[in-house]
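*Asks:* The structure file run28.cif (mmCIF, C-alpha atoms) is provided below.
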```
data_final
#
loop_
_atom_site.label_atom_id
_atom_site.label_comp_id
_atom_site.auth_asym_id
_atom_site.auth_seq_id
_atom_site.Cartn_x
_atom_site.Cartn_y
_atom_site.Cartn_z
CA MET S 240 119.21 18.18 2.10
CA VAL S 241 117.71 21.64 2.01
CA ASN S 242 115.91 22.76 -1.14
CA PRO S 243 118.14 25.79 -1.71
CA ASP S 244 115.70 27.90 -3.69
CA GLN S 245 112.92 27.76 -1.11
CA PRO S 246 110.96 29.18 0.53
CA PHE S 247 111.80 32.17 -1.65
CA PRO S 248 110.17 32.09 -5.12
CA ASP S 249 111.72 32.55 -8.51
CA ALA S 250 112.61 36.13 -9.37
CA SER S 251 110.31 36.06 -12.41
CA PHE S 252 107.42 37.73 -10.56
CA ASP S 253 109.60 40.63 -9.47
CA ARG S 254 109.53 43.81 -11.54
CA SER S 255 112.75 45.51 -10.49
CA SER S 256 113.67 49.07 -11.34
CA SER S 257 117.39 48.53 -10.80
CA SER S 258 119.93 45.82 -10.15
CA SER S 259 120.52 44.22 -6.76
CA ARG S 260 123.66 44.47 -4.68
CA ARG S 261 124.50 40.75 -5.03
CA PRO S 262 123.22 39.77 -8.50
CA PRO S 263 123.44 36.14 -9.66
CA ARG S 264 126.40 35.54 -11.91
CA GLY S 265 127.23 33.06 -14.62
CA SER S 266 128.11 29.41 -14.27
CA ASN S 267 131.71 29.81 -13.19
CA GLN S 268 133.77 29.37 -10.05
CA ASN S 269 132.87 32.76 -8.56
CA GLY S 270 129.20 32.36 -9.49
CA MET S 271 129.02 28.93 -7.89
CA ARG S 272 130.68 30.20 -4.73
CA GLN S 273 128.15 33.01 -4.47
CA PHE S 274 125.35 30.56 -5.09
CA ASN S 275 126.64 28.33 -2.31
CA GLU S 276 126.82 31.35 0.00
CA ARG S 277 123.15 31.97 -0.68
CA VAL S 278 122.35 28.30 -0.06
CA VAL S 279 124.02 28.54 3.35
CA LEU S 280 122.12 31.72 4.22
CA GLN S 281 118.88 30.08 3.11
CA ALA S 282 119.55 26.94 5.15
CA ILE S 283 120.01 29.01 8.30
CA ARG S 284 116.89 31.04 7.50
CA LEU S 285 114.90 27.81 7.14
CA HIS S 286 116.30 25.80 10.02
CA GLY S 287 117.52 28.43 12.47
CA GLU S 288 121.03 28.62 13.89
CA LEU S 289 123.16 25.57 13.03
CA PRO S 290 126.74 24.40 13.69
CA LYS S 291 128.99 24.05 10.66
CA ALA S 292 128.71 20.25 10.66
CA GLU S 293 124.93 20.44 10.56
CA LEU S 294 125.08 23.06 7.82
CA ALA S 295 127.17 20.67 5.76
CA ARG S 296 124.58 17.94 6.29
CA VAL S 297 121.49 19.95 5.32
CA THR S 298 123.10 21.64 2.31
CA GLY S 299 125.09 18.70 0.96
CA LEU S 300 128.23 20.83 0.76
CA SER S 301 131.57 19.60 2.06
CA THR S 302 132.74 20.62 5.53
CA GLN S 303 135.67 22.46 3.93
CA THR S 304 133.35 24.46 1.69
CA ILE S 305 131.02 25.23 4.59
CA SER S 306 133.94 26.43 6.72
CA MET S 307 135.18 28.77 3.99
CA ILE S 308 131.69 30.14 3.26
CA VAL S 309 130.80 30.66 6.92
CA ASN S 310 134.07 32.44 7.61
CA ALA S 311 133.53 34.73 4.62
CA LEU S 312 129.95 35.53 5.66
CA LEU S 313 131.07 36.17 9.23
CA ASP S 314 133.62 38.66 7.92
CA GLU S 315 130.94 40.28 5.76
CA GLY S 316 128.68 40.72 8.79
CA LEU S 317 125.84 38.52 7.50
CA LEU S 318 126.35 35.75 10.07
CA LEU S 319 127.32 35.67 13.72
CA LYS S 320 128.47 33.01 16.17
CA ARG S 321 126.35 31.97 19.13
CA GLU S 322 127.57 30.59 22.44
CA PRO S 323 129.21 27.13 22.10
CA LEU S 324 127.03 24.10 22.87
CA ARG S 325 128.76 22.21 25.67
CA GLY S 326 128.03 18.94 27.46
CA ARG S 327 128.52 16.72 24.41
CA ILE S 328 131.30 14.36 23.42
CA GLY S 329 134.14 16.09 21.59
CA GLN S 330 134.75 19.76 21.00
CA PRO S 331 131.86 22.16 21.73
CA SER S 332 129.94 23.04 18.57
CA VAL S 333 129.29 26.69 17.78
CA PRO S 334 125.87 27.51 16.27
CA ILE S 335 125.93 29.94 13.35
CA ALA S 336 123.02 32.36 12.99
CA LEU S 337 121.91 35.14 10.68
CA ASP S 338 123.00 38.53 11.94
CA PRO S 339 119.79 40.57 12.24
CA GLU S 340 121.81 43.74 11.57
CA GLY S 341 123.47 42.23 8.50
CA ALA S 342 120.92 43.50 5.99
CA TRP S 343 117.87 45.73 5.99
CA ALA S 344 115.01 46.45 3.63
CA ILE S 345 112.00 48.74 3.37
CA GLY S 346 108.60 47.38 2.41
CA VAL S 347 105.93 49.63 0.89
CA LYS S 348 102.30 48.56 0.64
CA VAL S 349 99.92 50.70 -1.39
CA GLY S 350 96.34 49.65 -0.66
CA ARG S 351 93.03 51.02 -1.78
CA GLN S 352 92.39 52.74 1.57
CA HIS S 353 95.73 52.65 3.38
CA ALA S 354 99.48 52.76 2.70
CA ASP S 355 102.10 51.17 4.98
CA VAL S 356 105.88 51.44 5.05
CA LEU S 357 107.98 49.02 7.16
CA LEU S 358 111.67 48.84 8.00
CA VAL S 359 112.71 45.21 8.51
CA ASP S 360 115.97 43.53 9.46
CA PHE S 361 117.64 40.46 7.93
CA LEU S 362 115.29 38.19 9.88
CA GLY S 363 112.21 40.00 8.59
CA ARG S 364 111.44 41.62 11.94
CA VAL S 365 109.77 45.04 11.85
CA HIS S 366 111.73 47.84 13.56
CA HIS S 367 109.89 50.91 12.32
CA ARG S 368 106.52 51.47 10.69
CA GLU S 369 104.64 54.32 9.04
CA GLY S 370 101.01 54.41 7.95
CA LEU S 371 98.71 56.65 5.93
CA PRO S 372 94.91 56.21 5.62
CA TYR S 373 92.98 57.78 2.74
CA ALA S 374 89.63 57.56 0.98
CA TRP S 375 91.41 56.32 -2.16
CA PRO S 376 95.02 56.38 -3.37
CA ASP S 377 95.72 59.75 -4.96
CA PRO S 378 98.47 59.34 -7.61
CA GLU S 379 99.29 63.06 -7.45
CA HIS S 380 100.10 63.22 -3.73
CA LEU S 381 100.74 59.64 -2.59
CA PRO S 382 104.26 59.25 -4.09
CA ALA S 383 105.50 62.26 -2.10
CA ALA S 384 103.88 60.91 1.06
CA LEU S 385 105.54 57.53 0.52
CA LEU S 386 108.93 59.20 0.06
CA ALA S 387 108.47 61.05 3.35
CA MET S 388 107.68 57.78 5.14
CA ILE S 389 110.65 56.06 3.49
CA ARG S 390 112.89 58.94 4.59
CA ARG S 391 111.77 58.48 8.19
CA CYS S 392 112.50 54.76 7.97
CA ARG S 393 116.01 55.53 6.75
CA GLU S 394 116.47 58.03 9.56
CA ALA S 395 115.40 55.38 12.07
CA LEU S 396 117.91 52.95 10.57
CA SER S 397 120.72 55.52 10.69
CA ALA S 398 119.94 56.28 14.33
CA ARG S 399 120.06 52.57 15.12
CA MET S 400 123.34 51.90 13.32
CA LEU S 401 125.23 54.95 14.57
CA PRO S 402 125.81 53.70 18.15
CA LEU S 403 126.85 50.30 16.78
CA ASP S 404 129.38 51.91 14.42
CA ARG S 405 128.03 49.81 11.55
CA PRO S 406 126.97 50.72 8.00
CA GLU S 407 123.26 50.80 7.28
CA ARG S 408 123.32 47.89 4.77
CA LEU S 409 119.99 48.89 3.27
CA CYS S 410 119.37 46.51 0.34
CA GLY S 411 116.50 48.37 -1.23
CA ILE S 412 112.76 48.90 -1.31
CA GLY S 413 110.00 46.46 -2.18
CA VAL S 414 106.64 47.80 -3.38
CA ALA S 415 103.44 45.77 -3.04
CA ALA S 416 100.43 47.26 -4.82
CA PRO S 417 97.38 46.02 -6.75
CA LEU S 418 98.08 45.54 -10.45
CA SER S 419 94.80 47.28 -11.29
CA ILE S 420 94.78 49.90 -8.55
CA GLY S 421 92.68 52.15 -10.78
CA GLY S 422 90.13 49.41 -11.51
CA TRP S 423 86.54 49.01 -10.29
CA THR S 424 86.01 52.77 -10.08
CA GLY S 425 82.24 52.33 -10.07
CA LEU S 426 82.35 49.96 -7.11
CA PHE S 427 85.10 51.74 -5.21
CA GLY S 428 84.30 55.36 -5.99
CA MET S 429 87.74 56.53 -7.14
CA PRO S 430 87.51 59.50 -9.54
CA GLU S 431 88.02 58.50 -13.17
CA ALA S 432 90.89 60.96 -13.66
CA GLN S 433 92.86 59.48 -10.80
CA ALA S 434 92.16 55.96 -12.00
CA ARG S 435 93.54 56.80 -15.45
CA THR S 436 96.68 58.32 -13.91
CA TRP S 437 97.43 55.06 -12.06
CA GLU S 438 97.44 53.24 -15.41
CA THR S 439 100.54 55.16 -16.50
CA LEU S 440 102.30 55.93 -13.22
CA ASP S 441 105.55 53.99 -12.70
CA LEU S 442 105.60 54.14 -8.91
CA ALA S 443 108.60 51.82 -8.50
CA GLY S 444 110.63 53.83 -11.00
CA HIS S 445 109.67 57.09 -9.30
CA LEU S 446 110.76 55.79 -5.89
CA ALA S 447 114.02 54.42 -7.32
CA THR S 448 114.89 57.75 -8.91
CA ALA S 449 114.04 59.72 -5.79
CA THR S 450 115.83 57.46 -3.28
CA GLY S 451 118.76 56.10 -5.32
CA LEU S 452 117.92 52.60 -4.04
CA PRO S 453 117.00 49.43 -5.93
CA VAL S 454 113.21 49.13 -6.00
CA HIS S 455 111.38 45.85 -6.66
CA ALA S 456 107.63 45.55 -7.23
CA ALA S 457 105.01 42.81 -7.11
CA LYS S 458 101.23 42.55 -6.88
CA ASP S 459 100.20 43.17 -3.29
CA THR S 460 98.63 39.76 -2.69
CA VAL S 461 101.57 38.03 -4.38
CA ALA S 462 103.84 39.84 -1.93
CA ALA S 463 101.57 38.73 0.92
CA SER S 464 101.81 35.16 -0.37
CA LEU S 465 105.59 35.49 -0.26
CA ALA S 466 105.48 36.62 3.36
CA GLU S 467 103.30 33.63 4.26
CA LEU S 468 105.54 31.29 2.28
CA VAL S 469 108.70 32.49 3.99
CA GLY S 470 107.53 33.11 7.54
CA GLY S 471 104.11 31.57 8.04
CA GLU S 472 101.99 28.52 7.29
CA GLY S 473 103.61 28.23 3.87
CA ARG S 474 106.80 26.84 5.37
CA ARG S 475 105.05 23.51 5.87
CA LEU S 476 102.60 23.50 2.95
CA ARG S 477 103.59 22.38 -0.55
CA ASN S 478 100.66 23.53 -2.72
CA PHE S 479 98.22 26.16 -1.60
CA LEU S 480 95.95 28.97 -2.72
CA TYR S 481 96.47 32.09 -0.65
CA ILE S 482 93.51 34.41 -0.04
CA PHE S 483 93.82 37.86 1.53
CA VAL S 484 90.70 39.69 2.68
CA ASP S 485 90.92 43.47 2.51
CA THR S 486 88.99 46.35 0.94
CA PHE S 487 89.02 44.10 -2.13
CA SER S 488 89.96 40.45 -1.65
CA GLY S 489 92.70 38.87 -3.74
CA GLY S 490 95.18 36.06 -3.60
CA GLY S 491 98.31 34.28 -4.70
CA LEU S 492 99.31 30.77 -5.67
CA VAL S 493 102.05 28.45 -4.42
CA LEU S 494 102.78 25.26 -6.38
CA ASP S 495 105.46 22.76 -5.41
CA SER S 496 106.60 25.10 -2.61
CA ARG S 497 107.29 27.88 -5.12
CA LEU S 498 105.40 31.10 -5.62
CA HIS S 499 103.68 30.92 -9.02
CA PRO S 500 103.07 34.47 -10.29
CA GLY S 501 101.42 33.54 -13.58
CA ALA S 502 102.15 34.95 -17.04
CA HIS S 503 101.29 38.50 -16.00
CA GLY S 504 102.05 38.41 -12.27
CA ASN S 505 98.35 37.99 -11.46
CA ALA S 506 97.92 34.32 -10.50
CA GLY S 507 95.52 33.80 -7.62
CA ALA S 508 93.31 36.76 -8.61
CA ILE S 509 90.26 35.26 -6.92
CA GLY S 510 88.58 38.64 -6.54
CA SER S 511 87.80 38.57 -10.25
CA MET S 512 86.33 35.05 -10.19
CA PRO S 513 82.66 34.93 -11.27
CA LEU S 514 80.02 33.75 -8.82
CA ALA S 515 77.31 32.90 -11.35
CA VAL S 516 76.67 32.31 -15.04
CA PRO S 517 76.11 35.74 -16.63
CA GLY S 518 72.77 36.55 -18.16
CA ALA S 519 72.25 37.73 -21.70
CA GLY S 520 74.03 41.06 -22.14
CA THR S 521 75.09 41.30 -18.48
CA ALA S 522 78.36 40.58 -16.71
CA SER S 523 78.47 38.06 -13.88
CA THR S 524 79.01 39.12 -10.27
CA GLN S 525 82.62 38.81 -9.13
CA LEU S 526 83.79 37.42 -5.80
CA LEU S 527 85.05 40.81 -4.63
CA GLY S 528 81.44 41.96 -4.72
CA ALA S 529 80.62 39.55 -1.87
CA ALA S 530 83.80 38.62 0.01
CA SER S 531 85.58 41.96 0.42
CA LEU S 532 85.60 44.33 3.38
CA LEU S 533 84.20 47.13 1.26
CA ASN S 534 80.86 45.30 1.38
CA LEU S 535 80.98 45.02 5.17
CA GLN S 536 81.85 48.70 5.50
CA ARG S 537 78.93 49.61 3.24
CA LEU S 538 76.59 47.63 5.51
CA TYR S 539 77.86 49.61 8.49
CA GLU S 540 77.50 52.90 6.63
CA THR S 541 73.91 52.10 5.70
CA ALA S 542 73.22 51.42 9.38
CA ARG S 543 74.99 54.70 10.26
CA ILE S 544 77.62 53.06 12.43
CA ASP S 545 81.40 53.45 12.22
CA PRO S 546 82.67 51.56 9.12
CA SER S 547 86.20 51.36 10.53
CA ALA S 548 84.94 48.67 12.94
CA ALA S 549 85.36 46.20 10.07
CA LEU S 550 89.09 46.26 10.85
CA ASP S 551 88.98 45.53 14.57
CA GLU S 552 87.31 43.55 17.35
CA ARG S 553 84.16 45.71 17.29
CA ALA S 554 82.96 43.82 14.21
CA LEU S 555 81.71 40.99 16.46
CA GLU S 556 80.14 43.30 19.05
CA PRO S 557 76.86 45.31 19.08
CA PRO S 558 75.73 47.23 17.10
CA TRP S 559 77.97 45.91 14.31
CA HIS S 560 77.48 42.20 15.01
CA PRO S 561 74.19 41.61 13.09
CA HIS S 562 75.59 43.23 9.96
CA THR S 563 78.82 41.27 10.31
CA LEU S 564 76.83 38.02 10.46
CA ALA S 565 75.07 38.91 7.21
CA TRP S 566 78.42 39.65 5.57
CA LEU S 567 79.93 36.42 6.90
CA GLY S 568 77.19 34.37 5.28
CA ASN S 569 77.67 35.93 1.85
CA ALA S 570 81.47 36.06 2.05
CA SER S 571 81.88 32.46 3.18
CA ARG S 572 79.64 31.12 0.41
CA ALA S 573 81.51 33.20 -2.18
CA LEU S 574 84.92 32.02 -0.90
CA ALA S 575 83.72 28.43 -0.92
CA MET S 576 82.71 28.71 -4.58
CA ALA S 577 86.10 30.17 -5.47
CA ILE S 578 87.89 27.44 -3.53
CA VAL S 579 85.94 24.72 -5.31
CA GLY S 580 86.79 26.19 -8.71
CA ALA S 581 90.46 26.56 -7.83
CA SER S 582 90.58 22.99 -6.52
CA CYS S 583 89.12 21.62 -9.75
CA VAL S 584 91.70 23.43 -11.88
CA LEU S 585 94.80 23.29 -9.67
CA ASP S 586 94.38 20.13 -7.57
CA ILE S 587 95.68 21.96 -4.50
CA ASP S 588 96.03 20.47 -1.03
CA ASP S 589 95.49 23.57 1.10
CA VAL S 590 94.02 27.06 1.21
CA VAL S 591 95.45 29.77 3.48
CA ILE S 592 93.11 32.65 4.34
CA ASP S 593 94.39 35.85 5.95
CA GLY S 594 93.43 39.49 6.00
CA VAL S 595 93.35 42.81 7.79
CA ILE S 596 90.38 41.77 9.92
CA ASP S 597 90.37 40.85 13.61
CA ARG S 598 91.63 37.30 14.23
CA ARG S 599 88.32 36.22 15.78
CA LEU S 600 86.45 37.38 12.70
CA LEU S 601 89.00 35.62 10.49
CA ALA S 602 88.42 32.39 12.43
CA ARG S 603 84.66 32.74 11.94
CA LEU S 604 85.10 33.38 8.23
CA ILE S 605 87.28 30.30 7.82
CA ALA S 606 84.90 28.11 9.84
CA GLN S 607 81.86 29.25 7.86
CA SER S 608 83.73 28.84 4.58
CA GLY S 609 84.44 25.26 5.64
CA ASP S 610 80.75 24.76 6.35
CA ALA S 611 79.89 26.24 2.96
CA LEU S 612 82.25 23.75 1.30
CA ASP S 613 80.07 20.95 2.71
CA ALA S 614 77.26 22.05 0.39
CA HIS S 615 79.36 21.38 -2.73
CA CYS S 616 79.80 18.08 -4.51
CA TRP S 617 83.40 16.85 -4.24
CA GLU S 618 82.99 13.89 -6.58
CA GLY S 619 86.14 13.63 -8.69
CA VAL S 620 88.04 16.41 -6.92
CA ARG S 621 90.07 16.60 -3.71
CA ARG S 622 88.76 18.90 -1.01
CA PRO S 623 91.56 21.16 0.33
CA ARG S 624 92.23 21.91 3.97
CA LEU S 625 91.65 25.48 5.21
CA HIS S 626 94.22 27.32 7.34
CA ALA S 627 94.40 30.73 8.96
CA GLY S 628 97.28 32.87 7.77
CA SER S 629 99.80 33.77 10.44
CA ILE S 630 100.91 37.30 9.50
CA GLY S 631 97.80 39.45 9.19
CA SER S 632 97.67 43.08 8.10
CA ASP S 633 101.46 43.40 7.70
CA ALA S 634 101.62 40.61 5.10
CA ARG S 635 101.75 42.78 1.98
CA ALA S 636 104.26 45.34 3.26
CA LEU S 637 106.37 42.57 4.81
CA GLY S 638 106.28 40.64 1.55
CA GLY S 639 107.37 43.79 -0.22
CA ALA S 640 110.36 44.13 2.12
CA LEU S 641 111.32 40.53 1.35
CA LEU S 642 111.66 41.33 -2.36
CA PRO S 643 115.04 43.14 -2.13
CA LEU S 644 116.30 40.62 0.45
CA HIS S 645 115.38 37.86 -2.00
CA ALA S 646 117.16 39.63 -4.83
CA ASP S 647 120.36 39.99 -2.82
CA PHE S 648 120.53 36.79 -0.82
CA ALA S 649 118.29 33.99 -2.14
CA PRO S 650 119.68 31.28 -4.45
CA HIS S 651 118.86 31.40 -8.13
CA PRO S 652 119.15 27.80 -9.37
CA GLU S 653 118.21 28.77 -12.93
CA VAL S 654 121.66 30.38 -13.28
CA PHE S 655 123.30 26.94 -13.29
CA LEU S 656 121.93 25.05 -16.27
CA LYS S 657 124.49 22.26 -16.66
CA ALA S 658 123.93 20.47 -13.36
CA ASP S 659 121.71 20.35 -10.31
CA PRO S 660 123.10 23.23 -8.21
CA ARG S 661 122.19 21.42 -4.99
CA ARG S 662 124.81 18.80 -5.82
CA GLN S 663 127.57 21.17 -6.83
CA ASP S 664 130.48 21.73 -4.51
CA SER S 665 133.22 24.27 -4.96
CA ASN S 666 136.13 25.48 -2.94
#
```
Could you rewrite the structure in this file as structure tokens?

*Replies:*
Amino acid sequence: MVNPDQPFPDASFDRSSSSSRRPPRGSNQNGMRQFNERVVLQAIRLHGELPKAELARVTGLSTQTISMIVNALLDEGLLLKREPLRGRIGQPSVPIALDPEGAWAIGVKVGRQHADVLLVDFLGRVHHREGLPYAWPDPEHLPAALLAMIRRCREALSARMLPLDRPERLCGIGVAAPLSIGGWTGLFGMPEAQARTWETLDLAGHLATATGLPVHAAKDTVAASLAELVGGEGRRLRNFLYIFVDTFSGGGLVLDSRLHPGAHGNAGAIGSMPLAVPGAGTASTQLLGAASLLNLQRLYETARIDPSAALDERALEPPWHPHTLAWLGNASRALAMAIVGASCVLDIDDVVIDGVIDRRLLARLIAQSGDALDAHCWEGVRRPRLHAGSIGSDARALGGALLPLHADFAPHPEVFLKADPRRQDSN
């Protein structure tokens, strides 16, 4: 039986500026039917296209209920029929699949040096992208730039739907941004005035007002964790710490196959983890001071070579290679220390590491982090396995786009408090 509320997390981490198109309802006949619709959609998302009989098996719903739900979702344009499977005993079975055109969402990632806006379909596939580099995120001008990129995404969607004679079905916008985007001004170099403005700017609310769409927000690395949980290594891992290497490194946490945001939406904030015991009157060094790309870029700048090479294959080529090796040594030891601490507290099985860096550099970082773990004592604690993330630089924007799709189409088992919703059946 499929776990109907996975791989999407609870909605508790999502800070939404407006209601979704298909909100969860109370524990009544209509609410249960909508919940079962979401279970069916989730089962197909997890397992791929399935005939009705197989859908009944994996969801635990009756064949009659499945038939009614599938027919309704076909009429709504969320599902479509594939070619019948022939060559078997009995009537040919017809696989049912998600309709890629059935729902759309826009994902917005606001980073410390780059913003991205993606248009994704119901399957999470990217159809249009916009990008904007900057020295630091300017709260005075960035919202208008984001709105321009969102407008172009909507224009691309309209152009796509017009020949098909179909409505746009745009669910909303998901925003992925650091919770403390104005923090670490001394390390990052953002002007103090701009940093203070970010503390009071409601970016999600601004975008909702300007676009008229539901806007959902989450910490950028939590959104990236969601993308990995839904479409990457997380589909097969039950408990893992997620680490994303960017200008500043951060992370997210998945426990029991569910995204765990923490009390303030900041679980997995490994960038703030200390690397040493602080001295008298001094603060300890944080992990982001050793395992973030800003440090690699600073090494390149000191050597007077292009710092943008930190983001591509040049990082492992002359003249950048020697500086990259120095960074790899420090970053891998810092990540290993964070992984050991997280393992002691959380008893996790796995760690997934991803980032905006070239995949060869990511592989080197993971391998050297594994070597650095060998230097630690594992007496009394389980050593986790290390995995490379599968999504890369799109993870945060893609995770943002999944937020409105989650709000509209993922099951919410907490709505049904009187019984296990996976065992409910309703006609």

*Asks:* Given the PyMOL selection byres ((chain S and resi 588) around 6) and the file above, list the residues it selects as number ranges by chain.

*Replies:* S: 478, 587, 589, 623

*Asks:* Determine the nearest neighbour of S:Leu465 from the options S:Pro382, S:Gly413, S:Gly428, S:Pro290, counting all atoms listed in the file.

*Replies:* S:Gly413

*Asks:* What gap, in Å, lies between atom CA of S:Pro417 and atom CA of S:Ser571?

*Replies:*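 Atom-to-atom, atom CA of S:Pro417 and atom CA of S:Ser571 are spaced 22.9 Å apart.
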
*Asks:* Apply the PyMOL selection byres ((chain S and resi 514) around 12) to the displayed file and report the matching residues as a short mmCIF file (atom, residue, chain, number, x, y, z; two decimals) with C-alpha atoms, in the frame of the given file.

*Replies:*
```cif
data_model
loop_
_atom_site.label_atom_id
_atom_site.label_comp_id
_atom_site.auth_asym_id
_atom_site.auth_seq_id
_atom_site.Cartn_x
_atom_site.Cartn_y
_atom_site.Cartn_z
CA ILE S 509 90.26 35.26 -6.92
CA GLY S 510 88.58 38.64 -6.54
CA SER S 511 87.80 38.57 -10.25
CA MET S 512 86.33 35.05 -10.19
CA PRO S 513 82.66 34.93 -11.27
CA ALA S 515 77.31 32.90 -11.35
CA VAL S 516 76.67 32.31 -15.04
CA PRO S 517 76.11 35.74 -16.63
CA ALA S 522 78.36 40.58 -16.71
CA SER S 523 78.47 38.06 -13.88
CA THR S 524 79.01 39.12 -10.27
CA GLN S 525 82.62 38.81 -9.13
CA LEU S 526 83.79 37.42 -5.80
CA LEU S 527 85.05 40.81 -4.63
CA GLY S 528 81.44 41.96 -4.72
CA ALA S 529 80.62 39.55 -1.87
CA ALA S 530 83.80 38.62 0.01
CA ASN S 569 77.67 35.93 1.85
CA ALA S 570 81.47 36.06 2.05
CA ARG S 572 79.64 31.12 0.41
CA ALA S 573 81.51 33.20 -2.18
CA LEU S 574 84.92 32.02 -0.90
CA ALA S 575 83.72 28.43 -0.92
CA MET S 576 82.71 28.71 -4.58
CA ALA S 577 86.10 30.17 -5.47
CA ILE S 578 87.89 27.44 -3.53
CA VAL S 579 85.94 24.72 -5.31
CA GLY S 580 86.79 26.19 -8.71
#
```

*Asks:* Report as a CSV table (one decimal) with C-alpha atoms, in the coordinates of the input the residues that result from applying the PyMOL selection byres ((chain S and resi 460) around 7) to the structure here.

*Replies:*
```csv
chain,number,residue,atom,x,y,z
S,458,LYS,CA,101.2,42.6,-6.9
S,459,ASP,CA,100.2,43.2,-3.3
S,461,VAL,CA,101.6,38.0,-4.4
S,462,ALA,CA,103.8,39.8,-1.9
S,463,ALA,CA,101.6,38.7,0.9
S,464,SER,CA,101.8,35.2,-0.4
S,483,PHE,CA,93.8,37.9,1.5
S,489,GLY,CA,92.7,38.9,-3.7
S,490,GLY,CA,95.2,36.1,-3.6
S,491,GLY,CA,98.3,34.3,-4.7
S,635,ARG,CA,101.8,42.8,2.0
```

*Asks:* Need to verify the contact set: S:Leu538, 12 Å, only C-alpha atoms, exclusion of same-chain residues closer than 5 positions in sequence. Can you return it as a VMD selection string?

*Replies:* chain S and resid 529 531 to 533 543 to 549 554 558 to 567

*Asks:* Using all atoms listed in the file, which residue out of S:Cys583, S:Leu371, S:Ile308, S:Leu409 lies closest to S:Cys616?

*Replies:* S:Cys583

*Asks:* May I ask for the distance between atom CA of S:Ala342 and atom CA of S:Val414, given in Å to one decimal place?

*Replies:*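 Those two atoms sit 17.6 Å apart.
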
*Asks:* Set the distance at 7 Å and use only C-alpha atoms: which residues neighbour S:Gly631 once local chain neighbours fewer than 2 positions away are removed? I'd like the list as a ChimeraX atom specification.

*Replies:* /S:593-595,628-629,633-634

*Asks:* Using all atoms listed in the file, can you tell me which of S:Glu379, S:Arg277, S:Arg321, S:Ala387 comes closest to S:Ala449?

*Replies:*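 Comparing S:Glu379, S:Arg277, S:Arg321, S:Ala387 against S:Ala449, the winner is S:Ala387.
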
*Asks:* What's the separation between atom CA of S:Phe487 and atom CA of S:Asn534, in Å to one decimal place?

*Replies:* 9.0 Å

*Asks:* Nearest residue to S:Pro643 out of S:Val454, S:Leu480, S:Ala311, S:Leu318, using only C-alpha atoms?

*Replies:*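 With only C-alpha atoms as the atom set, the closest residue is S:Val454.
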